[in-house]
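Q: Below are the structure tokens for one structure; questions will follow.
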Amino acid sequence: MTQQKLGLYWENSAIERDAALNANTVLPRLVPDHSHGLDAVAAQGTPNLIIEGDNFDSLRLLKSTHAGRVRVIYIDPPYNTGNKDWVYNDRYVGANDRWRHSQWLEFLHQRLTLAKSLLTQDGVILVSINDENRARLEMLMDEVFPGRRLGSIAWRTRQGSNADQQCFLSVDHEHVLVYGNAGFKFNGFEKTYEMYGNADKDPRGDWRADNLTLGFSFKERPNLYYPLKDPETGVYYPPNPDRIWVYASESRLKPGQTVQAKTMEEFVRLNQILFPKEQRVETWSSLDALLEAIESGDVPRAGKSPILRRDLPDLAFWVGKPIGFGRPAFKRYKADLRNQAQPLSSWIVPNFEDGDYEAENSLVSATNQEGARQVAEIFGNRAFNYAKPISLIQGLLAQATCPGDTVLDFFAGSGTTGHAVLALNAQDGGQRSFILCSSTEATDKEPTKNLCRDVCAARIRKVIESDPALAANSFAYLQLDKIAPGDAPFEADCAQAFQLLTLRLGHVARPVPDPQAGIQILLQSVTDGSLTVLVHQLSEATLDALAALPLSAHLGYGHVRVFSTRPDTVRLHLEEAWAGTQKTVDSQSLYHALRQGQGAPRRKRSTPRERSLATHLIATNVEETGGDGLKSIEKSSESAA
């Protein structure tokens with residue numbers, strides 16, 4: 001029997017897939033002329049990368065070099081508006097493309113699946129999206145990151161517009177979807193402790209009066225609807241029928257039953273329940289007298305709502321008992337706070353409204369007009385449309401990162417994320433690094449266009465050069481070469497192999513010290529003198545040079561790891577040359593090293609039967625109406641059928 005599930009399905013078998021999907025090995029090539037500041041960091045390299053190429057290939061490369069090392073991914077993917085906002089297989093996808101939604105979902109699914117493997121155990125991905133496509137993307141994210149949805153943040157993008165209104169509705173907001181691994185949490189905002197004090201010199205420290213009720217009615221939580229008595233005065237306090245007590249009573253527990261928190265009676269014995277000192281106390285001698293008081297409204301209240309009402313159970317209990325008109329509170333100690341920060345609000349306050357209302361735990365961001373203006377100020381013209389304002393990205397990164405984290409944006413566009421990382425580091429002295437992936441966006445009509453080089457990298461360079469506080473920053477500009485897997489060991493040059501292994505082992509990019517040298521040192525341990533080296537072209541001379549490597553200051557001791565095209569030959573030669581010493585060798589295959597981690601992301605393909613089930617949600621583009629909606633299956637033309 002076919003198992004049905006609620007989820008998102010799209011027609012991926014009838015659309016043209018990404019060209020040469022996983023059919024080759026991706027190798028990085030450093031372009032010094034497009035990089036910045038490499039001379040100053042040539043020895044240690046730079047962790048800041050700008051990668052030119054299809055971001056699917058960039059992610060395949062990063063999967064083999066940075067798996068599990070990226071703390072924060074922020075992306076602003078194409079919004080699938082049909083207004084030529086994205087390129088698929090070297091052509092723009094227009095509004096009338098029959099497979100527009102399926103192409104968009106498949107396009108993102110491939111990339112998100114790869115990106116998932118890059119996150120640290122406490123990593124997070126933040127994705128900007130417009131209101132129109134939020135539902136589709138959210139279901140896709142649920143599939144790729146099951147159980148990792150943390151919520152969404154709403155961003156006011158503009159003050160209001162008369163354009164594109166439907167039914168007098170101006171869509172002035174976008175969303176940032178947040179999906180995090182188990183250990184992630186936002187940094188939050190610093191709490192204020194002005195309300196805490198210790199007027200009674202409590203040895204447990206500063207405290208404040210807090211609410212003692214929970215947002216459930218007596219019908220929803222009957223066990224938490226009970227009378228509370230002050231043991232010192234004998235005064236009773238009726239529970240609020242609309243907000244019952246937050247703690248359980250020992251009198252309501254079944255034999256052997258336990259509760260996670262302390263009971264109300266335990267808190268009373270600890271003097272942690274604050275009973276009113278001065279208040280009105282009333283005793284009704286009969287039920288009729290109580291009912292008369294209820295009718296006249298002369299009973300205890302919570303705000304404007306009476307606490308004693310005719311429809312409440314067991315009203316006779318309150319007859320003859322002293323009833324307090326005040327409300328007990330909870331004595332909450334500062335030392336007991338589990339979090340030292342206020343949580344981040346899901347609402348980003350537009351800066352033109354900042355100060356109009358209380359929003360102490362909200363981010364404050366400029367609008368999208370500000371993003372376009374910032375790019376224009378850098379380049380002197382509007383070099384890139386739809387750039388996010390730096391205040392938005394910087395605010396998100398301030399909440400999501402720690403000072404040493406790696407931040408990835410594989411839809412880097414104009415480079416706002418890299419700019420935000422640099423600004424945030426300058427603000428708090430952090431050492432965050434960025435990886436920006438951007439395509440050229442060249443097409444048949446614009447074959448020389450290079451967005452990555454001329455906008456993204458150029459922006460980061462101008463930002464660094466314009467501020468003395470940022471002068472020490474650097475970045476490596478990498479281009480991607482694709483080689484057939486079987487040809488990789490023979491066609492990959494020394495610089496490509498060196499760059500790949502340097503990225504994987506040290507997570508930095510750096511120039512090859514001497515491309516003509518037979519042995520390239522990738523890593524060197526200061527503590528024990530061990531080396532990791534690349535031998536691109538093996539010869540008798542390089543074998544002898546390997547045997548003569550000064551592995552340690554202590555004669556006769558050391559370890560070397562060698563990547564070469566003939567690992568067995570290297571191992572046998574060094575074992576023979578080092579016989580009788582304590583030197584050891586780990587000889588590895590350069591072919592396997594070049595291919596490591598670049599396999600295809602696996603996915604469960606839907607069957608024709610599954611795709612036809614009306615209970616499944618499928619993203620569609622309805623050709624007959626030229627519209628845009630959700631149907632049971634994305635229709636194809638008769639010729640395609």
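Ligands are numbered from 1 in the order shown, chains are lettered A, B, ... in the order of the structure tokens, and residues start at 1 in each chain.
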Excluding Ala484 of chain A and residues on its chain fewer than 5 positions from it, collect all residues at most 8 Å away from it, counting only C-alpha atoms, and give them as a list of chain:residue names.
A: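 These residues fall inside the cut-off: A:Ala23, A:Asn24, A:Thr25.
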Q: Could you give me, as a count of residues only, each residue of segment 427-580 of chain A that DSSP assigns to alpha helix (DSSP H) when run on this structure's backbone?
A: 48
Q: Within 7 Å of segment 460-467 of chain A, counting only C-alpha atoms, which residues qualify if same-chain residues fewer than 5 places away don't, as a ChimeraX atom specification?
A: /A:36,415,418-419,473
Q: Those selected residues, please, written with all heavy atoms and delivered as a PDB file, in the first residue's frame.
A:
ATOM      1  N   HIS A  36      42.707  40.167  -2.470  1.00  0.00           N
ATOM      2  CA  HIS A  36      43.151  41.383  -1.778  1.00  0.00           C
ATOM      3  C   HIS A  36      43.938  41.015  -0.521  1.00  0.00           C
ATOM      4  O   HIS A  36      43.504  40.173   0.278  1.00  0.00           O
ATOM      5  CB  HIS A  36      41.948  42.244  -1.373  1.00  0.00           C
ATOM      6  CG  HIS A  36      42.332  43.537  -0.719  1.00  0.00           C
ATOM      7  ND1 HIS A  36      42.697  44.654  -1.434  1.00  0.00           N
ATOM      8  CD2 HIS A  36      42.430  43.879   0.593  1.00  0.00           C
ATOM      9  CE1 HIS A  36      42.985  45.628  -0.589  1.00  0.00           C
ATOM     10  NE2 HIS A  36      42.831  45.179   0.645  1.00  0.00           N
ATOM     11  N   GLY A 415      27.525  41.344  -2.198  1.00  0.00           N
ATOM     12  CA  GLY A 415      28.503  41.174  -1.123  1.00  0.00           C
ATOM     13  C   GLY A 415      28.115  41.799   0.197  1.00  0.00           C
ATOM     14  O   GLY A 415      28.981  42.014   1.055  1.00  0.00           O
ATOM     15  N   GLY A 418      29.399  39.888   3.328  1.00  0.00           N
ATOM     16  CA  GLY A 418      30.822  40.100   3.624  1.00  0.00           C
ATOM     17  C   GLY A 418      31.062  41.466   4.237  1.00  0.00           C
ATOM     18  O   GLY A 418      31.858  41.614   5.178  1.00  0.00           O
ATOM     19  N   HIS A 419      30.397  42.484   3.705  1.00  0.00           N
ATOM     20  CA  HIS A 419      30.494  43.838   4.250  1.00  0.00           C
ATOM     21  C   HIS A 419      30.035  43.857   5.708  1.00  0.00           C
ATOM     22  O   HIS A 419      30.683  44.466   6.578  1.00  0.00           O
ATOM     23  CB  HIS A 419      29.630  44.770   3.394  1.00  0.00           C
ATOM     24  CG  HIS A 419      29.804  46.220   3.683  1.00  0.00           C
ATOM     25  ND1 HIS A 419      29.295  47.218   2.887  1.00  0.00           N
ATOM     26  CD2 HIS A 419      30.421  46.866   4.717  1.00  0.00           C
ATOM     27  CE1 HIS A 419      29.588  48.402   3.399  1.00  0.00           C
ATOM     28  NE2 HIS A 419      30.264  48.219   4.517  1.00  0.00           N
ATOM     29  N   ASN A 473      42.423  43.402   6.761  1.00  0.00           N
ATOM     30  CA  ASN A 473      41.613  42.308   6.234  1.00  0.00           C
ATOM     31  C   ASN A 473      42.076  41.897   4.840  1.00  0.00           C
ATOM     32  O   ASN A 473      42.637  42.692   4.086  1.00  0.00           O
ATOM     33  CB  ASN A 473      40.136  42.710   6.185  1.00  0.00           C
ATOM     34  CG  ASN A 473      39.497  42.716   7.559  1.00  0.00           C
ATOM     35  OD1 ASN A 473      39.125  41.675   8.077  1.00  0.00           O
ATOM     36  ND2 ASN A 473      39.378  43.901   8.155  1.00  0.00           N
TER      37      ASN A 473
END
Q: Would you mind telling me which residue in A:Phe317, A:Lys185, A:Val585, A:Leu424 lies nearest to Gly395 of chain A when using only C-alpha atoms?
A: A:Leu424
Q: Just want the 8 Å neighbourhood of segment 296-309 of chain A, counted on only C-alpha atoms, with same-chain residues fewer than 5 positions away dropped. Output as a ChimeraX atom specification.
A: /A:238-241,324-327
Q: Could you find all residues in segment 23-133 of chain A that DSSP calls strand (DSSP E) from the backbone, and write them as a VMD selection string?
A: chain A and resid 25 to 30 49 to 52 70 to 75 83 to 88 91 to 94 119 to 130
Q: Save the residues we just selected, N, CA, C and O atoms, as a compact mmCIF listing (two decimals), in the first residue's frame?
A:
# COMPACT_ATOMS: atom_id res chain seq x y z
N THR A 25 34.73 16.74 -11.12
CA THR A 25 35.40 17.16 -9.88
C THR A 25 35.61 18.67 -9.93
O THR A 25 36.08 19.20 -10.94
N VAL A 26 35.25 19.35 -8.86
CA VAL A 26 35.40 20.80 -8.78
C VAL A 26 36.70 21.13 -8.07
O VAL A 26 36.93 20.67 -6.95
N LEU A 27 37.52 21.93 -8.72
CA LEU A 27 38.81 22.32 -8.13
C LEU A 27 38.92 23.84 -8.09
O LEU A 27 38.52 24.52 -9.04
N PRO A 28 39.47 24.38 -7.01
CA PRO A 28 39.60 25.83 -6.90
C PRO A 28 40.90 26.33 -7.53
O PRO A 28 41.94 25.66 -7.47
N ARG A 29 40.81 27.49 -8.12
CA ARG A 29 42.01 28.13 -8.70
C ARG A 29 42.08 29.56 -8.16
O ARG A 29 41.16 30.36 -8.37
N LEU A 30 43.15 29.87 -7.47
CA LEU A 30 43.32 31.21 -6.89
C LEU A 30 43.65 32.21 -7.99
O LEU A 30 44.48 31.97 -8.85
N LEU A 49 36.90 34.01 1.76
CA LEU A 49 36.88 33.51 0.39
C LEU A 49 35.75 34.16 -0.39
O LEU A 49 34.64 34.33 0.11
N ILE A 50 36.03 34.51 -1.64
CA ILE A 50 35.01 34.87 -2.61
C ILE A 50 35.15 33.88 -3.75
O ILE A 50 36.20 33.80 -4.39
N ILE A 51 34.10 33.11 -4.00
CA ILE A 51 34.16 32.01 -4.96
C ILE A 51 33.27 32.35 -6.15
O ILE A 51 32.06 32.53 -6.00
N GLU A 52 33.88 32.42 -7.32
CA GLU A 52 33.15 32.70 -8.56
C GLU A 52 32.73 31.40 -9.22
O GLU A 52 33.53 30.50 -9.41
N VAL A 70 30.79 25.65 9.28
CA VAL A 70 30.13 26.94 9.09
C VAL A 70 29.08 27.13 10.18
O VAL A 70 28.16 26.32 10.30
N ARG A 71 29.20 28.18 10.94
CA ARG A 71 28.26 28.42 12.05
C ARG A 71 26.97 29.07 11.56
O ARG A 71 25.88 28.73 12.01
N VAL A 72 27.09 30.02 10.64
CA VAL A 72 25.91 30.75 10.18
C VAL A 72 25.91 30.81 8.66
O VAL A 72 26.91 31.17 8.04
N ILE A 73 24.78 30.43 8.07
CA ILE A 73 24.54 30.63 6.64
C ILE A 73 23.41 31.65 6.52
O ILE A 73 22.35 31.49 7.12
N TYR A 74 23.69 32.72 5.80
CA TYR A 74 22.62 33.65 5.44
C TYR A 74 22.53 33.68 3.92
O TYR A 74 23.55 33.84 3.24
N ILE A 75 21.32 33.52 3.38
CA ILE A 75 21.15 33.63 1.94
C ILE A 75 19.92 34.46 1.63
O ILE A 75 18.95 34.48 2.38
N ASN A 83 10.28 37.98 -12.86
CA ASN A 83 10.79 39.23 -13.43
C ASN A 83 12.28 39.14 -13.74
O ASN A 83 13.05 40.05 -13.46
N LYS A 84 12.70 38.01 -14.28
CA LYS A 84 14.11 37.78 -14.62
C LYS A 84 15.01 38.02 -13.41
O LYS A 84 16.01 38.74 -13.49
N ASP A 85 14.63 37.42 -12.27
CA ASP A 85 15.43 37.62 -11.07
C ASP A 85 16.39 36.47 -10.82
O ASP A 85 17.12 36.49 -9.84
N TRP A 86 16.38 35.46 -11.69
CA TRP A 86 17.37 34.40 -11.50
C TRP A 86 17.61 33.63 -12.80
O TRP A 86 16.77 33.59 -13.69
N VAL A 87 18.81 33.06 -12.85
CA VAL A 87 19.27 32.33 -14.03
C VAL A 87 19.31 30.85 -13.70
O VAL A 87 19.85 30.45 -12.68
N TYR A 88 18.72 30.04 -14.56
CA TYR A 88 18.74 28.58 -14.39
C TYR A 88 19.27 27.98 -15.68
O TYR A 88 18.72 28.19 -16.76
N ARG A 91 20.05 30.61 -18.45
CA ARG A 91 18.99 31.43 -19.03
C ARG A 91 18.06 31.91 -17.91
O ARG A 91 17.90 31.24 -16.89
N TYR A 92 17.49 33.08 -18.12
CA TYR A 92 16.55 33.61 -17.14
C TYR A 92 15.25 32.82 -17.17
O TYR A 92 14.78 32.39 -18.22
N VAL A 93 14.67 32.63 -15.98
CA VAL A 93 13.37 31.96 -15.87
C VAL A 93 12.30 33.04 -15.79
O VAL A 93 12.29 33.84 -14.85
N GLY A 94 11.41 33.06 -16.77
CA GLY A 94 10.40 34.09 -16.85
C GLY A 94 9.09 33.68 -16.23
O GLY A 94 8.87 32.51 -15.87
N LEU A 119 26.97 23.02 8.07
CA LEU A 119 26.69 23.65 9.36
C LEU A 119 27.35 22.92 10.52
O LEU A 119 27.44 21.69 10.53
N THR A 120 27.79 23.68 11.50
CA THR A 120 28.29 23.11 12.74
C THR A 120 27.13 22.49 13.52
O THR A 120 25.96 22.69 13.16
N GLN A 121 27.43 21.79 14.59
CA GLN A 121 26.38 21.16 15.38
C GLN A 121 25.44 22.18 16.01
O GLN A 121 24.29 21.85 16.33
N ASP A 122 25.92 23.40 16.18
CA ASP A 122 25.06 24.47 16.72
C ASP A 122 24.84 25.55 15.67
O ASP A 122 24.61 26.71 15.99
N GLY A 123 24.92 25.16 14.38
CA GLY A 123 24.80 26.12 13.31
C GLY A 123 23.36 26.47 12.97
O GLY A 123 22.41 25.82 13.39
N VAL A 124 23.22 27.53 12.16
CA VAL A 124 21.89 28.02 11.79
C VAL A 124 21.93 28.53 10.37
O VAL A 124 22.97 29.01 9.88
N ILE A 125 20.80 28.40 9.67
CA ILE A 125 20.66 28.99 8.34
C ILE A 125 19.50 29.98 8.38
O ILE A 125 18.42 29.68 8.90
N LEU A 126 19.74 31.17 7.86
CA LEU A 126 18.76 32.25 7.80
C LEU A 126 18.49 32.53 6.33
O LEU A 126 19.43 32.79 5.57
N VAL A 127 17.22 32.50 5.94
CA VAL A 127 16.88 32.63 4.52
C VAL A 127 15.84 33.73 4.35
O VAL A 127 14.74 33.66 4.91
N SER A 128 16.18 34.75 3.56
CA SER A 128 15.23 35.81 3.25
C SER A 128 14.31 35.35 2.13
O SER A 128 14.73 34.67 1.19
N ILE A 129 13.03 35.74 2.22
CA ILE A 129 12.06 35.36 1.19
C ILE A 129 10.91 36.35 1.22
O ILE A 129 10.59 36.92 2.27
N ASN A 130 10.27 36.54 0.06
CA ASN A 130 9.11 37.43 0.02
C ASN A 130 7.86 36.70 0.50
O ASN A 130 7.86 35.49 0.71
Q: Just the residues within 12 Å of Asp200 of chain A, please, counting only C-alpha atoms, with nothing from its chain fewer than 5 positions along; format it as an MDAnalysis selection string.
A: chainID A and resid 205:208 271 331
Q: Nearest residue to Gln524 of chain A out of A:Thr502, A:Thr448, A:Gln537, A:Thr283, using only C-alpha atoms?
A: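 Closest residue, counting only C-alpha atoms: A:Thr502.
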Q: With a distance cut-off of 7 Å and only C-alpha atoms, select the neighbouring residues of Ala420 of chain A, excluding the residue or stretch itself and same-chain residues fewer than 3 positions from it, and output the selection as a list in words.
A: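 Those residues are Ile390, Ile393, Gln394, Thr416, Thr417, Ala423 and Leu424 of chain A.
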Q: Between atom CA of Pro222 of chain A and atom CA of Ile244 of chain A, what distance in Å does the model show, to one decimal?
A: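 Taking atom CA of Pro222 of chain A and atom CA of Ile244 of chain A, their separation equals 8.4 Å.
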Q: Between A:Asn198, A:Met264, A:Glu132, A:Leu177, which is the closest to Arg149 of chain A once you count only C-alpha atoms?
A: A:Leu177
Q: Between atom CA of Pro511 of chain A and atom CA of Tyr591 of chain A, what is the spacing in Å?
A: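 Atom-to-atom, atom CA of Tyr591 of chain A to atom CA of Pro511 of chain A, that is 21.5 Å.
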Q: Quick one: contact table of segment 409-505 of chain A to segment 558-571 of chain A, 10 Å max, nearest atom pair and distance in Å to one decimal per residue, counting only C-alpha atoms, chain and number order, as CSV?
A:
residue,atom,partner,partner_atom,distance
A:Pro489,CA,A:Thr565,CA,6.7
A:Phe490,CA,A:Thr565,CA,8.6
A:Ala497,CA,A:Phe563,CA,9.6
A:Leu501,CA,A:Phe563,CA,9.2
Q: For the residues in that selection, give me all heavy atoms as a CSV table (one decimal), in the first residue's frame.
A:
chain,number,residue,atom,x,y,z
A,489,PRO,N,43.6,13.4,-11.4
A,489,PRO,CA,45.0,13.3,-11.0
A,489,PRO,C,46.0,13.7,-12.0
A,489,PRO,O,47.1,14.1,-11.7
A,489,PRO,CB,45.1,11.8,-10.6
A,489,PRO,CG,43.8,11.2,-10.5
A,489,PRO,CD,42.9,12.1,-11.4
A,490,PHE,N,45.5,13.7,-13.3
A,490,PHE,CA,46.5,14.0,-14.4
A,490,PHE,C,46.3,15.4,-14.9
A,490,PHE,O,47.3,16.0,-15.3
A,490,PHE,CB,46.3,13.0,-15.5
A,490,PHE,CG,46.2,11.5,-15.0
A,490,PHE,CD1,45.0,10.9,-15.0
A,490,PHE,CD2,47.3,10.9,-14.6
A,490,PHE,CE1,44.9,9.6,-14.5
A,490,PHE,CE2,47.3,9.6,-14.1
A,490,PHE,CZ,46.0,8.9,-14.1
A,497,ALA,N,45.6,21.5,-6.9
A,497,ALA,CA,45.6,20.5,-5.8
A,497,ALA,C,46.1,21.2,-4.5
A,497,ALA,O,45.5,20.8,-3.4
A,497,ALA,CB,46.6,19.4,-6.2
A,501,LEU,N,43.7,21.2,-1.0
A,501,LEU,CA,44.2,20.6,0.2
A,501,LEU,C,44.4,21.6,1.3
A,501,LEU,O,44.2,21.4,2.5
A,501,LEU,CB,45.4,19.8,-0.1
A,501,LEU,CG,45.2,18.6,-0.9
A,501,LEU,CD1,46.6,17.9,-1.3
A,501,LEU,CD2,44.4,17.5,-0.2
Q: Could you list, as a PyMOL selection string, every residue within 9 Å of segment 432-442 of chain A, counting only C-alpha atoms and ignoring same-chain residues fewer than 5 positions away?
A: chain A and resi 46-55+58-59+86-87+90+401-415+417-418+421-422+424-425+447-454+456+475
Q: Please save N, CA and C atoms of the selected residues as a CSV table (one decimal), in the first residue's frame.
A:
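So selection.csv came out as:
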chain,number,residue,atom,x,y,z
A,46,THR,N,44.4,33.2,4.2
A,46,THR,CA,43.2,33.9,4.6
A,46,THR,C,42.0,33.0,4.6
A,47,PRO,N,41.2,33.1,5.7
A,47,PRO,CA,39.9,32.3,5.7
A,47,PRO,C,38.8,32.9,4.9
A,48,ASN,N,39.0,34.2,4.5
A,48,ASN,CA,37.9,34.9,3.8
A,48,ASN,C,38.0,34.5,2.3
A,49,LEU,N,36.9,34.0,1.8
A,49,LEU,CA,36.9,33.5,0.4
A,49,LEU,C,35.7,34.2,-0.4
A,50,ILE,N,36.0,34.5,-1.6
A,50,ILE,CA,35.0,34.9,-2.6
A,50,ILE,C,35.1,33.9,-3.8
A,51,ILE,N,34.1,33.1,-4.0
A,51,ILE,CA,34.2,32.0,-5.0
A,51,ILE,C,33.3,32.3,-6.2
A,52,GLU,N,33.9,32.4,-7.3
A,52,GLU,CA,33.2,32.7,-8.6
A,52,GLU,C,32.7,31.4,-9.2
A,53,GLY,N,31.4,31.3,-9.6
A,53,GLY,CA,31.0,30.1,-10.3
A,53,GLY,C,29.5,29.8,-9.8
A,54,ASP,N,29.0,28.8,-10.4
A,54,ASP,CA,27.6,28.3,-10.0
A,54,ASP,C,27.7,27.9,-8.6
A,55,ASN,N,26.8,28.4,-7.8
A,55,ASN,CA,26.9,28.1,-6.3
A,55,ASN,C,26.6,26.7,-6.0
A,58,SER,N,30.1,25.6,-6.1
A,58,SER,CA,30.8,26.1,-4.9
A,58,SER,C,30.5,25.3,-3.7
A,59,LEU,N,29.2,25.0,-3.5
A,59,LEU,CA,28.8,24.2,-2.4
A,59,LEU,C,29.4,22.8,-2.4
A,86,TRP,N,16.4,35.5,-11.7
A,86,TRP,CA,17.4,34.4,-11.5
A,86,TRP,C,17.6,33.6,-12.8
A,87,VAL,N,18.8,33.1,-12.9
A,87,VAL,CA,19.3,32.3,-14.0
A,87,VAL,C,19.3,30.9,-13.7
A,90,ASP,N,21.9,28.8,-17.4
A,90,ASP,CA,22.4,29.9,-18.3
A,90,ASP,C,21.3,30.7,-19.0
A,401,THR,N,26.0,35.0,15.5
A,401,THR,CA,27.4,34.6,15.5
A,401,THR,C,28.1,34.8,16.8
A,402,CYS,N,29.2,34.2,17.0
A,402,CYS,CA,30.2,34.5,18.0
A,402,CYS,C,31.4,35.0,17.3
A,403,PRO,N,32.3,35.7,18.0
A,403,PRO,CA,33.4,36.4,17.3
A,403,PRO,C,34.3,35.6,16.4
A,404,GLY,N,34.4,34.3,16.6
A,404,GLY,CA,35.3,33.5,15.7
A,404,GLY,C,34.6,32.7,14.7
A,405,ASP,N,33.4,32.9,14.4
A,405,ASP,CA,32.6,32.0,13.5
A,405,ASP,C,32.9,32.3,12.0
A,406,THR,N,32.5,31.3,11.2
A,406,THR,CA,32.6,31.4,9.8
A,406,THR,C,31.1,31.6,9.3
A,407,VAL,N,31.0,32.6,8.4
A,407,VAL,CA,29.7,32.9,7.9
A,407,VAL,C,29.7,32.7,6.4
A,408,LEU,N,28.7,32.0,5.9
A,408,LEU,CA,28.6,31.6,4.4
A,408,LEU,C,27.4,32.3,3.8
A,409,ASP,N,27.5,32.9,2.6
A,409,ASP,CA,26.4,33.3,1.8
A,409,ASP,C,26.6,32.8,0.4
A,410,PHE,N,25.8,31.8,0.0
A,410,PHE,CA,26.0,31.3,-1.3
A,410,PHE,C,25.1,31.9,-2.4
A,411,PHE,N,24.4,33.0,-2.0
A,411,PHE,CA,23.8,33.9,-3.0
A,411,PHE,C,24.3,35.3,-2.7
A,412,ALA,N,25.6,35.5,-2.8
A,412,ALA,CA,26.2,36.7,-2.2
A,412,ALA,C,25.8,38.0,-2.9
A,413,GLY,N,25.4,37.9,-4.2
A,413,GLY,CA,25.0,39.1,-4.9
A,413,GLY,C,26.0,40.2,-4.8
A,414,SER,N,25.7,41.3,-4.2
A,414,SER,CA,26.6,42.5,-4.2
A,414,SER,C,27.6,42.4,-3.0
A,415,GLY,N,27.5,41.3,-2.2
A,415,GLY,CA,28.5,41.2,-1.1
A,415,GLY,C,28.1,41.8,0.2
A,417,THR,N,26.7,40.6,2.8
A,417,THR,CA,27.0,39.7,3.9
A,417,THR,C,28.5,39.9,4.3
A,418,GLY,N,29.4,39.9,3.3
A,418,GLY,CA,30.8,40.1,3.6
A,418,GLY,C,31.1,41.5,4.2
A,421,VAL,N,30.0,41.3,7.8
A,421,VAL,CA,31.0,40.6,8.7
A,421,VAL,C,32.2,41.6,9.0
A,422,LEU,N,32.7,42.3,8.1
A,422,LEU,CA,33.8,43.2,8.3
A,422,LEU,C,33.3,44.3,9.3
A,424,LEU,N,30.9,44.2,11.5
A,424,LEU,CA,30.7,43.6,12.9
A,424,LEU,C,32.0,43.3,13.6
A,425,ASN,N,33.0,42.8,12.9
A,425,ASN,CA,34.3,42.6,13.5
A,425,ASN,C,34.9,43.9,14.0
A,447,PRO,N,27.7,38.1,-22.5
A,447,PRO,CA,28.7,37.1,-22.2
A,447,PRO,C,29.9,37.5,-21.3
A,448,THR,N,30.1,38.8,-21.2
A,448,THR,CA,31.3,39.3,-20.4
A,448,THR,C,30.9,39.8,-19.0
A,449,LYS,N,29.6,39.7,-18.7
A,449,LYS,CA,29.1,40.1,-17.4
A,449,LYS,C,29.8,39.3,-16.3
A,450,ASN,N,30.3,39.9,-15.2
A,450,ASN,CA,30.8,39.2,-14.1
A,450,ASN,C,30.5,39.9,-12.8
A,451,LEU,N,29.3,39.5,-12.3
A,451,LEU,CA,28.8,40.1,-11.1
A,451,LEU,C,29.7,39.8,-9.9
A,452,CYS,N,30.3,38.6,-9.8
A,452,CYS,CA,31.1,38.2,-8.7
A,452,CYS,C,32.4,39.1,-8.6
A,453,ARG,N,33.1,39.3,-9.8
A,453,ARG,CA,34.3,40.0,-9.8
A,453,ARG,C,34.1,41.5,-9.7
A,454,ASP,N,33.1,42.0,-10.5
A,454,ASP,CA,33.0,43.5,-10.7
A,454,ASP,C,32.1,44.1,-9.7
A,456,CYS,N,30.7,42.1,-6.4
A,456,CYS,CA,30.9,41.5,-5.0
A,456,CYS,C,32.3,41.7,-4.5
A,475,PHE,N,41.2,38.8,1.5
A,475,PHE,CA,40.3,37.8,0.9
A,475,PHE,C,41.0,37.1,-0.3
